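Heads up: the structure comes next, in structure tokens.
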Amino acid sequence: MLVSETLKPPPRRRMSSLFFLSSNKSLSSSHDHYTLSSSFAGATPSRTFSLSMLEENIENAEAIITKWDPSSSSYTKVTFIFQQSRKEAKEFLKAVKDLRRAMHALLGERFPSSKLVLAQNLMQVAMRRLEKEFYQILSASRDQLDPESVSNRSSSRSCKSYDEEEGEVRSDDELDIAAESITEVERVSVLAMSDLKSIADCMIGSGYGKECEKIYRVIRKSMIDEGLYHLGIQRFKSSHINKKDSEALDNEIKKWMKAAKIAVKTLFQGEKILCDHVFSASETISESCFYEITKEGASILFSFPELIVKTKKVPERIFGLMELHKAVSDLWPETESVFSSESTSAIKLQALSLLLKLGDCVRSILSDFESTIQKYSTKVLVPGGGVHPLTPKVMNYIASLADYSIILFDILADYPPPTNSSFHETFKSPISEISTPAVSVHLAWLILVLLCKLDITAEIYKDVGLAYLFLSNNLHYIVEKVQHSANLKLLLGEDWVVEHTKKAKLYASTYETTAWSKVLSSLPEKSFEMSTEMAKECFKRFNIAFEEAYRKQTSWIVEDRKLSDDLKVSIAQKLVPTYQEFYDTYLVTLTEEKNLELLLRFSPDDLGNYLSDLFHGTSTSVTPTTSSSFPPRSCLPLR
């Protein structure tokens, strides 16, 4: 709205409507006083005295009001009253109050209509002057009345120290005394708030509240809009959001969260405080004014997360959505408080709806992620039974989700957990034996879905030993990931870790049994005695079985160093002592055999060296050799 439009003289009103809006306590008291004076037996002297008093009040008001009327010959040429003299500003407001009382009294008696017309004209002149004063104070105090400053001072006593009684302005001396404990900037700000309230009280009491509200709304809305612009709050379109890559969108989300905090806690809250203060004389005007000032900015502010909700629901987007959910949730108490009135309820409902939409979107992505795990193709096997690419991908994602456990706790609180009854029977809460947090249940469920997928994948391996090595590798990786993620471990609990660690060891033990059973069964039991020929056949079977097992398992993979060493040591402890005893027992009886080096291809020391070659993912053939000519390798320590 143009300033010229704001400052247009108010239209002449009907007197009945004017005084209907002026029904405050002071007016009623004045009218009661007049009625009491006129009730004495209708005496003419009393009426004459009362008329003379009213005429005197009107004349006094006329002198003060016309002094500040540019069209009057007595105009002082001083631009603004409140800027020139606070004492005269106080007198001006008192004159308006007295004039209002006189007009109220004139309505009920048979006084000359010319007096009422004069009072009406004076009132309109006074209102035009107050409109200009109101506009000037608002414009000149933009920097001092910025919402941040107002919000910061809201809890201080400085604002209250200048609250005027019945719309009156304090004198300069009173203000100086009251302002001793605050800075000059604060003093200017508080004085402006005090003056604005005084003018608003006077105009509202005189029936000109709408004119006052109109001026305030135009200037303050521009300040709110400007503040939001500097914070980077702008109206995005879906096309703009969809064109941004993940990194750019994450940056926009971070910028929005910082801006939203300032917008709600500073801009909107500060404006609410100022609006309520200035228009304390009319709750209706205060609420209506605040709504008109903030509705557009608030709508733009909360529209950005709504656009994020509508973007493609990829798994990575969940973290930005949870951050937004936390930001909106943290701001909800202030949002609910600032937009608590009926007129601003639409803004509050928009924020609440946004919070629900963000929660629904997060839950939807979690559901889609579960489906993605289940639909993952198992046609391509991992060479060597190593860690499946799906395993670290899922576990890294779940560990990241655990870092948002506080947010997920709220989002998943009423979300129905998995319906698998056996899952609930085996899963124990780390926090409570009675009630398991929904976030713990959901994360454990996602891991269980992954484990089921790995079980299905393991069945495709033709070699049973390799299948169990695959399961051991992957479950070991999962347990280690949980162990090294403090939040995930806390959510799943120590019982979960113990249970799955046992299961991983069981997989490893089953791998050893199946992959090395043929080698171990080729050796005789300790108590069994055999002939030289039988010993020769036994050595031959062992050589073939060991070479086959070695050749296969050098191409198998165990990426975790500790797991690899543990498996090698465990295999060596089962194999080497048994072979050592057999080797030492029949070595003497076979010394006369031709091609002894081919028959005794492996010495007990050779076995440990060969076992150290396992799980590197490169197939290697055994080269016939003796212990003396064995190529240098890192020996695996036995324990």
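Each chain in the structure tokens gets a letter, A, B, ..., in the order shown, and its residues are numbered from 1; ligands are numbered from 1 in order too.
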
Exercise: A:Ala298 partners within 9 Å, only C-alpha atoms, chain neighbours under 3 positions left out, as a PDB file with N, CA and C atoms, in the first residue's frame:
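What follows is the written file around39.pdb:
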```
ATOM      1  N   ALA A 263      12.988 -17.584  12.070  1.00  0.00           N
ATOM      2  CA  ALA A 263      11.693 -17.054  11.628  1.00  0.00           C
ATOM      3  C   ALA A 263      10.624 -17.213  12.704  1.00  0.00           C
ATOM      4  N   VAL A 264      10.541 -18.405  13.285  1.00  0.00           N
ATOM      5  CA  VAL A 264       9.486 -18.668  14.270  1.00  0.00           C
ATOM      6  C   VAL A 264       9.814 -18.041  15.618  1.00  0.00           C
ATOM      7  N   PHE A 268       8.453 -14.088  13.901  1.00  0.00           N
ATOM      8  CA  PHE A 268       7.025 -14.213  14.209  1.00  0.00           C
ATOM      9  C   PHE A 268       6.727 -13.963  15.687  1.00  0.00           C
ATOM     10  N   THR A 294       1.627 -11.970   8.956  1.00  0.00           N
ATOM     11  CA  THR A 294       2.476 -13.175   8.935  1.00  0.00           C
ATOM     12  C   THR A 294       1.953 -14.318   8.079  1.00  0.00           C
ATOM     13  N   LYS A 295       0.704 -14.279   7.633  1.00  0.00           N
ATOM     14  CA  LYS A 295       0.129 -15.459   6.980  1.00  0.00           C
ATOM     15  C   LYS A 295       0.888 -15.866   5.721  1.00  0.00           C
ATOM     16  N   LEU A 301       7.155 -20.304   4.427  1.00  0.00           N
ATOM     17  CA  LEU A 301       8.126 -20.994   5.284  1.00  0.00           C
ATOM     18  C   LEU A 301       7.845 -22.488   5.344  1.00  0.00           C
ATOM     19  N   PHE A 302       6.597 -22.870   5.607  1.00  0.00           N
ATOM     20  CA  PHE A 302       6.260 -24.276   5.792  1.00  0.00           C
ATOM     21  C   PHE A 302       6.005 -25.016   4.479  1.00  0.00           C
ATOM     22  N   SER A 303       6.022 -24.293   3.364  1.00  0.00           N
ATOM     23  CA  SER A 303       5.791 -24.960   2.074  1.00  0.00           C
ATOM     24  C   SER A 303       7.018 -25.723   1.593  1.00  0.00           C
ATOM     25  N   ILE A 347      -2.435 -21.429  10.112  1.00  0.00           N
ATOM     26  CA  ILE A 347      -0.973 -21.561  10.088  1.00  0.00           C
ATOM     27  C   ILE A 347      -0.532 -22.680  11.025  1.00  0.00           C
TER      28      ILE A 347
END
```

Given only C-alpha atoms as the counted atoms, nearest of A:Glu533, A:Val218, A:Ile544, A:Pro437 to A:Gly493: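 Looking only at the distances to A:Gly493, the closest residue turns out to be A:Pro437.
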
Within 12 Å of A:Leu471 using only C-alpha atoms, minus same-chain residues under 2 positions, as an MDAnalysis selection string: chainID A and resid 382 384:388 391 450:459 461 464:469 473:478 500 503:511 557:558

Atom CA of A:Pro315 to atom CA of A:Asp330, distance in Å rounded to a single decimal: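 For atom CA of A:Pro315 relative to atom CA of A:Asp330, the distance reads 23.8 Å.
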
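Going from atom CA of A:Glu548 to atom CA of A:Pro524 covers 18.9 Å.
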
Top pick for closest residue to A:Pro604, considering A:Thr589, A:Glu342, A:Phe82, A:Leu575 and counting only C-alpha atoms: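 Closest candidate: A:Leu575.
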
Picked from stretch 365-612 of chain A by DSSP as helix (DSSP H, G or I), as a PyMOL selection string: chain A and resi 365-375+383-385+390-402+405-411+421-426+438-458+464-483+486-492+494-521+532-553+561-586+588-590+596-599+604-611

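Minimum atom-to-atom distance to A:Ser299, evaluated using only C-alpha atoms, belongs to A:Gln234 out of A:Ser555, A:Asn242, A:Ser286, A:Gln234.
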
Of the listed residues A:Ala248, A:Val117, A:Val519, A:Leu600, that which approaches A:Ala102 most closely, counting only C-alpha atoms: A:Val117

Shell of 7 Å around A:Phe92, only C-alpha atoms, local chain residues under 3 positions omitted, as a ChimeraX atom specification: /A:64-65,88-89,95-96

Mind running stretch 205-226 of chain A against stretch 131-152 of chain A at 9 Å and telling me each contacting residue's nearest atom pair with the distance in Å (one decimal), counting only C-alpha atoms, chain and number ascending, as a tab-separated table?
```
residue	atom	partner	partner_atom	distance
A:Glu211	CA	A:Glu131	CA	7.5
A:Cys212	CA	A:Glu131	CA	6.6
A:Ile215	CA	A:Tyr135	CA	6.4
A:Tyr216	CA	A:Leu138	CA	7.4
A:Ile219	CA	A:Leu138	CA	7.2
A:Arg220	CA	A:Leu138	CA	8.1
A:Met223	CA	A:Asp146	CA	7.6
A:Ile224	CA	A:Pro147	CA	8.2
```
